[in-house]
$ cat protein-v6.csv   # CSV, C-alpha atoms
chain,number,residue,atom,x,y,z
B,1,MET,CA,0.0,0.0,0.0
B,2,PRO,CA,1.5,3.4,-0.9
B,3,PRO,CA,2.1,5.9,1.9
B,4,ARG,CA,-0.8,8.2,2.6
B,5,LYS,CA,-0.7,11.7,1.3
B,6,SER,CA,0.5,14.2,3.9
B,7,PHE,CA,-2.2,16.2,5.7
B,8,ARG,CA,-0.8,19.3,4.1
B,9,GLU,CA,-1.4,17.8,0.6
B,10,GLN,CA,-4.9,16.9,1.6
B,11,CYS,CA,-5.4,20.4,3.0
B,12,VAL,CA,-4.4,21.8,-0.3
B,13,ALA,CA,-6.8,19.5,-2.1
B,14,LEU,CA,-9.6,20.6,0.1
B,15,ALA,CA,-8.8,24.3,-0.6
B,16,TRP,CA,-8.5,23.7,-4.4
B,17,GLY,CA,-11.8,21.8,-4.5
B,18,ALA,CA,-13.6,24.7,-2.8
B,19,TRP,CA,-12.0,27.4,-4.9
B,20,SER,CA,-12.8,25.5,-8.1
B,21,GLU,CA,-16.5,25.9,-7.1
B,22,LEU,CA,-16.0,29.6,-6.9
B,23,GLY,CA,-14.6,29.7,-10.4
B,24,VAL,CA,-10.8,29.2,-9.9
B,25,SER,CA,-9.6,26.8,-12.7
B,26,GLY,CA,-7.1,24.0,-12.3
B,27,TRP,CA,-8.7,21.3,-10.2
B,28,PRO,CA,-11.2,18.5,-10.9
B,29,THR,CA,-14.8,19.1,-9.7
B,30,THR,CA,-14.8,17.5,-6.2
B,31,HIS,CA,-16.8,19.8,-4.0
B,32,ARG,CA,-20.0,20.4,-6.0
B,33,ASP,CA,-22.0,19.0,-3.0
B,34,TRP,CA,-20.5,21.5,-0.6
B,35,ALA,CA,-21.8,25.0,0.2
B,36,ILE,CA,-18.8,27.2,-0.1
B,37,ASP,CA,-18.1,30.0,2.5
B,38,PRO,CA,-15.4,32.3,1.2
B,39,GLU,CA,-14.1,34.1,4.2
B,40,PRO,CA,-13.0,31.0,6.2
B,41,LEU,CA,-11.6,29.6,3.0
B,42,ILE,CA,-9.5,32.7,2.5
B,43,LEU,CA,-8.0,32.3,6.0
B,44,LEU,CA,-7.2,28.6,5.3
B,45,THR,CA,-5.6,29.4,1.9
B,46,ALA,CA,-3.6,32.3,3.3
B,47,TRP,CA,-2.3,30.0,6.1
B,48,LEU,CA,-1.2,27.4,3.5
B,49,LYS,CA,1.0,30.1,1.9
B,50,ASP,CA,3.3,28.6,-0.7
B,51,ALA,CA,2.3,25.0,-0.1
B,52,ASP,CA,0.8,25.3,-3.5
B,53,ARG,CA,1.8,28.6,-5.1
B,54,ARG,CA,-0.6,28.3,-8.0
B,55,LEU,CA,-3.5,27.9,-5.5
B,56,ARG,CA,-2.3,30.9,-3.6
B,57,ASP,CA,-2.0,33.1,-6.7
B,58,GLU,CA,-5.3,32.0,-8.3
B,59,ALA,CA,-7.2,32.5,-5.0
B,60,THR,CA,-5.6,35.9,-4.7
B,61,ASP,CA,-6.6,36.7,-8.3
B,62,TRP,CA,-10.2,35.7,-7.5
B,63,CYS,CA,-10.3,37.9,-4.5
B,64,VAL,CA,-9.0,40.9,-6.5
B,65,ARG,CA,-11.6,40.4,-9.2
B,66,TYR,CA,-14.6,39.6,-7.0
B,67,GLU,CA,-13.7,41.7,-3.9
B,68,ARG,CA,-17.3,43.0,-3.7
B,69,ARG,CA,-18.4,39.4,-2.9
B,70,ILE,CA,-16.3,39.3,0.2
B,71,SER,CA,-17.2,40.7,3.6
B,72,LYS,CA,-14.3,42.7,5.0
B,73,ALA,CA,-16.0,43.2,8.3
B,74,ARG,CA,-16.5,39.4,8.7
B,75,LEU,CA,-12.9,38.8,7.7
B,76,LYS,CA,-11.7,41.2,10.3
B,77,ASN,CA,-13.7,39.4,13.0
B,78,LEU,CA,-12.8,35.9,11.9
B,79,VAL,CA,-9.1,36.6,11.7
B,80,ALA,CA,-9.1,38.2,15.2
B,81,ALA,CA,-10.1,34.8,16.7
B,82,GLN,CA,-7.3,32.9,14.9
B,83,PRO,CA,-3.8,32.1,16.3
B,84,ASP,CA,-0.7,34.2,15.5
B,85,ASP,CA,0.5,32.2,12.5
B,86,VAL,CA,-2.9,32.5,10.7
B,87,ARG,CA,-3.1,36.2,11.4
B,88,ALA,CA,0.4,36.7,10.1
B,89,ALA,CA,-0.2,34.7,6.9
B,90,TYR,CA,-3.5,36.4,6.3
B,91,GLY,CA,-1.9,39.8,6.7
B,92,VAL,CA,0.4,39.1,3.7
B,93,PHE,CA,-2.6,37.8,1.7
B,94,ALA,CA,-4.7,40.8,2.6
B,95,ALA,CA,-1.9,43.2,1.7
B,96,THR,CA,-1.4,41.5,-1.7
B,97,VAL,CA,-5.1,41.8,-2.5
B,98,SER,CA,-5.1,45.4,-1.2
B,99,ALA,CA,-2.4,46.4,-3.6
B,100,HIS,CA,-4.7,45.7,-6.5
B,101,VAL,CA,-8.1,46.9,-5.3
B,102,PRO,CA,-9.5,50.4,-4.4
B,103,SER,CA,-9.6,50.0,-0.6
B,104,ALA,CA,-7.4,48.2,1.8
B,105,TRP,CA,-8.4,44.9,3.5
B,106,PRO,CA,-8.4,44.8,7.3
B,107,GLY,CA,-5.2,43.4,8.8
B,108,ALA,CA,-3.1,43.9,5.7
B,109,THR,CA,0.6,44.0,6.4
B,110,SER,CA,3.3,43.6,3.6
B,111,PRO,CA,2.3,42.3,0.2
B,112,ARG,CA,4.2,39.6,-1.7
B,113,THR,CA,5.1,40.0,-5.3
B,114,PHE,CA,2.0,39.3,-7.4
B,115,ARG,CA,0.6,40.0,-10.8
B,116,PRO,CA,-3.1,39.2,-11.4
B,117,THR,CA,-3.6,36.3,-13.8
B,118,GLY,CA,-7.1,37.3,-15.0
B,119,ARG,CA,-8.1,33.6,-15.2
B,120,SER,CA,-10.7,33.9,-12.4
B,121,SER,CA,-14.4,33.6,-13.2
B,122,LEU,CA,-17.5,33.4,-11.1
B,123,PRO,CA,-20.0,30.7,-12.3
B,124,SER,CA,-23.7,31.3,-12.2
B,125,LEU,CA,-25.0,31.6,-8.7
B,126,ASP,CA,-27.6,29.0,-9.3
B,127,ARG,CA,-25.0,26.3,-8.6
B,128,PRO,CA,-25.9,24.5,-5.3
B,129,SER,CA,-22.4,25.0,-4.0
B,130,LEU,CA,-22.8,28.8,-4.4
B,131,ALA,CA,-26.0,29.0,-2.3
B,132,TRP,CA,-24.4,31.2,0.3
B,133,LEU,CA,-23.2,33.7,-2.3
B,134,ARG,CA,-26.6,33.5,-3.8
B,135,MET,CA,-28.1,34.6,-0.4
B,136,ARG,CA,-25.7,37.5,-0.3
B,137,ALA,CA,-26.9,38.6,-3.7
B,138,VAL,CA,-30.5,38.6,-2.4
B,139,PHE,CA,-30.1,39.8,1.2
B,140,GLY,CA,-26.9,41.9,0.9
B,141,LEU,CA,-23.3,41.4,1.9
B,142,GLY,CA,-23.5,41.6,5.7
B,143,ALA,CA,-24.8,40.1,8.9
B,144,ARG,CA,-28.4,39.7,7.7
B,145,ALA,CA,-27.5,37.2,5.0
B,146,GLU,CA,-25.1,35.4,7.4
B,147,VAL,CA,-27.8,35.1,10.1
B,148,LEU,CA,-30.2,33.6,7.6
B,149,ARG,CA,-27.6,31.4,6.2
B,150,TYR,CA,-26.5,30.0,9.5
B,151,LEU,CA,-30.1,29.3,10.7
B,152,LEU,CA,-31.0,27.7,7.4
B,153,ALA,CA,-27.9,25.4,7.5
B,154,ASN,CA,-28.7,24.4,11.1
B,155,ARG,CA,-32.5,24.4,11.0
B,156,GLY,CA,-32.7,20.9,12.2
B,157,SER,CA,-30.5,21.3,15.2
B,158,SER,CA,-31.2,24.8,16.6
B,159,GLY,CA,-34.0,23.7,18.8
B,160,HIS,CA,-35.9,26.6,20.2
B,161,GLY,CA,-33.6,29.1,18.5
B,162,LEU,CA,-30.3,30.8,19.1
B,163,SER,CA,-29.4,34.0,20.9
B,164,ALA,CA,-27.8,37.0,19.2
B,165,ALA,CA,-24.6,36.2,21.1
B,166,VAL,CA,-24.4,32.7,19.7
B,167,LEU,CA,-25.3,33.8,16.2
B,168,ALA,CA,-22.6,36.5,16.4
B,169,ARG,CA,-20.0,34.0,17.3
B,170,ARG,CA,-21.2,31.6,14.6
B,171,THR,CA,-21.4,34.1,11.8
B,172,GLY,CA,-18.4,36.3,12.5
B,173,TYR,CA,-20.2,39.6,13.1
B,174,ALA,CA,-20.4,41.8,16.2
B,175,LYS,CA,-23.2,41.0,18.6
B,176,ARG,CA,-24.8,44.4,18.4
B,177,ILE,CA,-25.0,44.2,14.6
B,178,VAL,CA,-26.4,40.7,14.7
B,179,ALA,CA,-29.0,41.7,17.4
B,180,ASP,CA,-30.2,44.6,15.2
B,181,GLU,CA,-30.5,42.4,12.1
B,182,CYS,CA,-32.4,39.7,14.1
B,183,ASP,CA,-34.8,42.4,15.3
B,184,SER,CA,-35.4,43.6,11.8
B,185,LEU,CA,-35.9,40.1,10.4
B,186,ASN,CA,-38.3,39.4,13.3
B,187,HIS,CA,-40.4,42.4,12.4
B,188,ALA,CA,-40.3,41.3,8.7
B,189,GLY,CA,-41.6,37.9,9.7
B,190,LEU,CA,-38.6,35.9,8.7
B,191,LEU,CA,-37.5,35.1,12.2
B,192,THR,CA,-39.5,34.2,15.3
B,193,ALA,CA,-38.3,35.6,18.6
B,194,ARG,CA,-38.8,33.9,21.9
B,195,ALA,CA,-38.1,35.5,25.3
B,196,VAL,CA,-35.8,33.3,27.4
B,197,GLY,CA,-35.2,35.1,30.7
B,198,ASN,CA,-33.8,38.5,29.9
B,199,ARG,CA,-32.8,37.7,26.3
B,200,PHE,CA,-34.3,36.5,23.1
B,201,THR,CA,-33.6,33.5,20.9
B,202,TYR,CA,-34.3,33.5,17.2
B,203,SER,CA,-35.3,30.8,14.7
B,204,LEU,CA,-36.6,30.8,11.2
B,205,THR,CA,-40.4,31.3,11.0
B,206,ARG,CA,-40.8,29.2,7.9
B,207,PRO,CA,-37.6,27.5,7.1
B,208,SER,CA,-39.0,25.5,4.2
B,209,ARG,CA,-40.2,28.6,2.5
B,210,LEU,CA,-36.9,30.3,2.9
B,211,ALA,CA,-35.2,27.2,1.4
B,212,ASP,CA,-37.5,27.2,-1.5
B,213,PHE,CA,-36.9,30.9,-2.1
B,214,VAL,CA,-33.1,30.5,-1.9
B,215,GLY,CA,-33.1,27.7,-4.4
B,216,GLU,CA,-31.3,24.4,-4.6
B,217,LEU,CA,-29.0,23.8,-1.6
B,218,PRO,CA,-26.1,21.3,-1.6
B,219,SER,CA,-26.2,18.3,0.7
B,220,ILE,CA,-23.1,19.3,2.6
B,221,GLN,CA,-23.3,22.6,4.5
B,222,PRO,CA,-20.3,22.6,6.8
B,223,ASP,CA,-19.2,25.1,9.4
B,224,TRP,CA,-16.2,26.3,7.4
B,225,THR,CA,-14.5,27.9,10.3
B,226,ALA,CA,-14.5,24.6,12.2
B,227,VAL,CA,-13.4,22.8,9.0
B,228,GLY,CA,-10.5,25.2,8.6
B,229,ASN,CA,-9.4,24.9,12.2
B,230,VAL,CA,-9.4,21.1,12.1
B,231,ALA,CA,-7.6,21.0,8.8
B,232,ARG,CA,-5.0,23.5,9.9
B,233,VAL,CA,-4.3,21.9,13.3
B,234,LEU,CA,-4.1,18.3,11.9
B,235,THR,CA,-1.8,19.5,9.1
B,236,GLY,CA,0.5,21.3,11.6
B,237,LEU,CA,0.5,18.2,13.8
B,238,ASP,CA,1.4,16.0,10.9
B,239,ASP,CA,4.4,18.2,10.2
B,240,GLU,CA,5.4,18.0,13.9
B,241,ALA,CA,5.2,14.2,13.9
B,242,ARG,CA,8.0,14.1,11.4
B,243,THR,CA,10.4,15.8,13.7
B,244,ARG,CA,9.3,15.2,17.3
B,245,SER,CA,10.7,12.4,19.4
B,246,ALA,CA,8.5,9.5,20.5
B,247,ARG,CA,8.6,11.0,24.0
B,248,THR,CA,7.3,14.4,23.1
B,249,LEU,CA,5.0,13.6,20.3
B,250,PRO,CA,2.1,12.4,22.5
B,251,VAL,CA,2.2,15.7,24.4
B,252,ALA,CA,1.9,17.6,21.1
B,253,VAL,CA,-1.0,15.4,20.0
B,254,ARG,CA,-3.0,15.8,23.1
B,255,ARG,CA,-2.4,19.6,23.1
B,256,ALA,CA,-3.6,19.8,19.4
B,257,LEU,CA,-6.6,17.6,20.0
B,258,GLY,CA,-7.6,19.8,22.9
B,259,GLU,CA,-7.3,22.9,20.7
B,260,ILE,CA,-9.9,21.6,18.2
B,261,GLU,CA,-12.3,19.8,20.6
B,262,ASP,CA,-15.2,22.1,19.9
B,263,ASP,CA,-14.4,22.2,16.2
B,264,LEU,CA,-14.6,18.4,16.0
B,265,HIS,CA,-18.1,18.6,17.5
B,266,ASP,CA,-19.1,21.2,14.9
B,267,VAL,CA,-17.9,19.0,12.0
B,268,GLU,CA,-19.7,15.9,13.5
B,269,ALA,CA,-16.4,14.0,14.1
B,270,ASP,CA,-15.7,11.7,17.0
B,271,PRO,CA,-12.8,12.9,19.1
B,272,VAL,CA,-10.0,10.7,20.3
B,273,PRO,CA,-11.1,9.2,23.6
B,274,ASP,CA,-9.3,10.4,26.8
B,275,SER,CA,-8.4,6.7,27.4
B,276,VAL,CA,-6.0,6.8,24.5
B,277,VAL,CA,-2.6,7.8,25.8
B,278,GLY,CA,1.1,7.6,25.1
B,279,PRO,CA,2.2,5.9,21.9
B,280,GLY,CA,-1.4,5.3,20.9
B,281,LEU,CA,-2.2,9.0,20.5
B,282,TRP,CA,-0.5,9.7,17.2
B,283,PRO,CA,-2.0,6.6,15.4
B,284,ALA,CA,-5.4,7.7,16.7
B,285,ALA,CA,-4.8,11.2,15.5
B,286,GLU,CA,-3.9,9.9,12.1
B,287,GLN,CA,-7.2,7.9,12.0
B,288,LEU,CA,-9.0,11.1,12.9
B,289,GLY,CA,-7.3,12.9,10.1
B,290,LYS,CA,-8.3,10.2,7.7
B,291,ALA,CA,-11.9,10.4,8.8
B,292,THR,CA,-12.0,14.2,8.5
B,293,LEU,CA,-9.4,15.9,6.3
B,294,GLY,CA,-8.8,12.8,4.2
B,295,ARG,CA,-12.5,12.6,3.3
B,296,TRP,CA,-12.9,16.4,2.9
B,297,ALA,CA,-10.0,16.5,0.4
B,298,ARG,CA,-12.0,14.2,-1.8
B,299,GLY,CA,-15.3,16.2,-1.4
B,300,GLN,CA,-16.8,13.7,1.0
B,301,TRP,CA,-18.2,14.6,4.5
B,302,THR,CA,-17.2,13.2,7.8
B,303,ALA,CA,-18.2,9.6,8.2
$ encode --input "protein-v6.csv" --output "structure tokens"
Amino acid sequence: MPPRKSFREQCVALAWGAWSELGVSGWPTTHRDWAIDPEPLILLTAWLKDADRRLRDEATDWCVRYERRISKARLKNLVAAQPDDVRAAYGVFAATVSAHVPSAWPGATSPRTFRPTGRSSLPSLDRPSLAWLRMRAVFGLGARAEVLRYLLANRGSSGHGLSAAVLARRTGYAKRIVADECDSLNHAGLLTARAVGNRFTYSLTRPSRLADFVGELPSIQPDWTAVGNVARVLTGLDDEARTRSARTLPVAVRRALGEIEDDLHDVEADPVPDSVVGPGLWPAAEQLGKATLGRWARGQWTA
């Protein structure tokens, strides 16, 4: 049996598959059943840096050409919650895009040398994979579209609704802005508000009608922030496993698994049990990577 591809190679394949749905050429169609969310994808791609320079440059080209499809406010909030290495890599990516568009991206630092390729294109938004971009075209580029998107994607698991604080954390917008949008959507009849103590929770009033209005949705609607976190941490751990000693590797594995514990829940993946210790930790983490990143790289969802 040939050796498995590194997690970094699989991470690159995941990013390529998602960007190809957005119109970046150069990769087989593998993620047509995924709803693509551009801002977390930008962070993951920026973090990969020159793991695949063509991916980096073509993604940059797309961002230059279709900047108006991207929420700078959401990018700013999402990157603020990321570790230093992601923020640093994103700063270069943002500065490179900023050098070719009218206004600067938040968090931009120093650009790399880049010349737009002009090969980017944006397919028709009636593609199922572009459902979230389609919602932005209808509801605007902002918190309103993201609140509706998140509630629509999680309509079967939100129970009696979600608070503005939870929706803010899940969508990448400030709580005050999300609360204002939820109030407006409630008055418009799209959301139902329920008083729970001294706060409100919100749910879609008629989710099936919104789904019909939005159009065809893909079968896989992941939390891309969680997907990116799991992919990044497992990729970094795979790199560490090549250099760490047998004594220190289990410590690194347990630390990394703790870092993505909540993200694993969000991507419906079973965590490595606490009973797995010592030398068994890295093989267990490899199996976790196979069940998550390995499947995602091929356009499949978590088993």
$ residues_near_point --input "protein-v6.csv" --point "(-6.2, 36.4, -14.1)" --cutoff "12 Å" --atoms "only C-alpha atoms" --output "PDB file with C-alpha atoms, in the frame of the given file"
ATOM      1  CA  GLY B  23     -14.600  29.700 -10.400  1.00  0.00           C
ATOM      2  CA  VAL B  24     -10.800  29.200  -9.900  1.00  0.00           C
ATOM      3  CA  SER B  25      -9.600  26.800 -12.700  1.00  0.00           C
ATOM      4  CA  ARG B  54      -0.600  28.300  -8.000  1.00  0.00           C
ATOM      5  CA  ASP B  57      -2.000  33.100  -6.700  1.00  0.00           C
ATOM      6  CA  GLU B  58      -5.300  32.000  -8.300  1.00  0.00           C
ATOM      7  CA  ALA B  59      -7.200  32.500  -5.000  1.00  0.00           C
ATOM      8  CA  THR B  60      -5.600  35.900  -4.700  1.00  0.00           C
ATOM      9  CA  ASP B  61      -6.600  36.700  -8.300  1.00  0.00           C
ATOM     10  CA  TRP B  62     -10.200  35.700  -7.500  1.00  0.00           C
ATOM     11  CA  CYS B  63     -10.300  37.900  -4.500  1.00  0.00           C
ATOM     12  CA  VAL B  64      -9.000  40.900  -6.500  1.00  0.00           C
ATOM     13  CA  ARG B  65     -11.600  40.400  -9.200  1.00  0.00           C
ATOM     14  CA  TYR B  66     -14.600  39.600  -7.000  1.00  0.00           C
ATOM     15  CA  PHE B 114       2.000  39.300  -7.400  1.00  0.00           C
ATOM     16  CA  ARG B 115       0.600  40.000 -10.800  1.00  0.00           C
ATOM     17  CA  PRO B 116      -3.100  39.200 -11.400  1.00  0.00           C
ATOM     18  CA  THR B 117      -3.600  36.300 -13.800  1.00  0.00           C
ATOM     19  CA  GLY B 118      -7.100  37.300 -15.000  1.00  0.00           C
ATOM     20  CA  ARG B 119      -8.100  33.600 -15.200  1.00  0.00           C
ATOM     21  CA  SER B 120     -10.700  33.900 -12.400  1.00  0.00           C
ATOM     22  CA  SER B 121     -14.400  33.600 -13.200  1.00  0.00           C
TER      23      SER B 121
END
$ atom_distance --input "protein-v6.csv" --atom1 "atom CA of Tyr173 of chain B" --atom2 "atom CA of Arg74 of chain B"
5.8 Å
$ residues_near_point --input "protein-v6.csv" --point "(-33.5, 36.8, 18.1)" --cutoff "9 Å" --atoms "all atoms listed in the file" --output "short mmCIF file (atom, residue, chain, number, x, y, z; two decimals) with C-alpha atoms, keeping the file's coordinate frame"
data_model
loop_
_atom_site.label_atom_id
_atom_site.label_comp_id
_atom_site.auth_asym_id
_atom_site.auth_seq_id
_atom_site.Cartn_x
_atom_site.Cartn_y
_atom_site.Cartn_z
CA GLY B 161 -33.60 29.10 18.50
CA LEU B 162 -30.30 30.80 19.10
CA SER B 163 -29.40 34.00 20.90
CA ALA B 164 -27.80 37.00 19.20
CA LEU B 167 -25.30 33.80 16.20
CA VAL B 178 -26.40 40.70 14.70
CA ALA B 179 -29.00 41.70 17.40
CA ASP B 180 -30.20 44.60 15.20
CA GLU B 181 -30.50 42.40 12.10
CA CYS B 182 -32.40 39.70 14.10
CA ASP B 183 -34.80 42.40 15.30
CA LEU B 185 -35.90 40.10 10.40
CA ASN B 186 -38.30 39.40 13.30
CA LEU B 191 -37.50 35.10 12.20
CA THR B 192 -39.50 34.20 15.30
CA ALA B 193 -38.30 35.60 18.60
CA ARG B 194 -38.80 33.90 21.90
CA ALA B 195 -38.10 35.50 25.30
CA ARG B 199 -32.80 37.70 26.30
CA PHE B 200 -34.30 36.50 23.10
CA THR B 201 -33.60 33.50 20.90
CA TYR B 202 -34.30 33.50 17.20
CA SER B 203 -35.30 30.80 14.70
#
$ residues_around --input "protein-v6.csv" --residues "segment 265-271 of chain B" --least-positions-apart "5" --cutoff "9 Å" --atoms "all atoms listed in the file" --output "PDB file with C-alpha atoms, keeping the file's coordinate frame"
ATOM      1  CA  PRO B 222     -20.300  22.600   6.800  1.00  0.00           C
ATOM      2  CA  ASP B 223     -19.200  25.100   9.400  1.00  0.00           C
ATOM      3  CA  TRP B 224     -16.200  26.300   7.400  1.00  0.00           C
ATOM      4  CA  ALA B 226     -14.500  24.600  12.200  1.00  0.00           C
ATOM      5  CA  VAL B 227     -13.400  22.800   9.000  1.00  0.00           C
ATOM      6  CA  VAL B 230      -9.400  21.100  12.100  1.00  0.00           C
ATOM      7  CA  LEU B 257      -6.600  17.600  20.000  1.00  0.00           C
ATOM      8  CA  ILE B 260      -9.900  21.600  18.200  1.00  0.00           C
ATOM      9  CA  ALA B 285      -4.800  11.200  15.500  1.00  0.00           C
ATOM     10  CA  LEU B 288      -9.000  11.100  12.900  1.00  0.00           C
ATOM     11  CA  ALA B 291     -11.900  10.400   8.800  1.00  0.00           C
ATOM     12  CA  THR B 292     -12.000  14.200   8.500  1.00  0.00           C
ATOM     13  CA  TRP B 301     -18.200  14.600   4.500  1.00  0.00           C
ATOM     14  CA  THR B 302     -17.200  13.200   7.800  1.00  0.00           C
ATOM     15  CA  ALA B 303     -18.200   9.600   8.200  1.00  0.00           C
TER      16      ALA B 303
END
$ atom_distance --input "protein-v6.csv" --atom1 "atom CA of Ala94 of chain B" --atom2 "atom CA of Pro106 of chain B"
7.2 Å
$ atom_distance --input "protein-v6.csv" --atom1 "atom CA of Arg32 of chain B" --atom2 "atom CA of Ala297 of chain B"
12.5 Å
$ residues_around --input "protein-v6.csv" --residues "segment 204-211 of chain B" --least-positions-apart "5" --cutoff "8 Å" --atoms "all atoms listed in the file" --output "PyMOL selection string"
chain B and resi 148+151-152+155+189-192+216-217
$ residues_around --input "protein-v6.csv" --residues "Ala15 of chain B" --least-positions-apart "4" --cutoff "12 Å" --atoms "all atoms listed in the file" --output "count of residues only"
43
$ closest_residue --input "protein-v6.csv" --among "B:Trp282, B:Tyr90, B:Phe213, B:Trp16" --to "Ala246 of chain B" --atoms "all atoms listed in the file"
B:Trp282
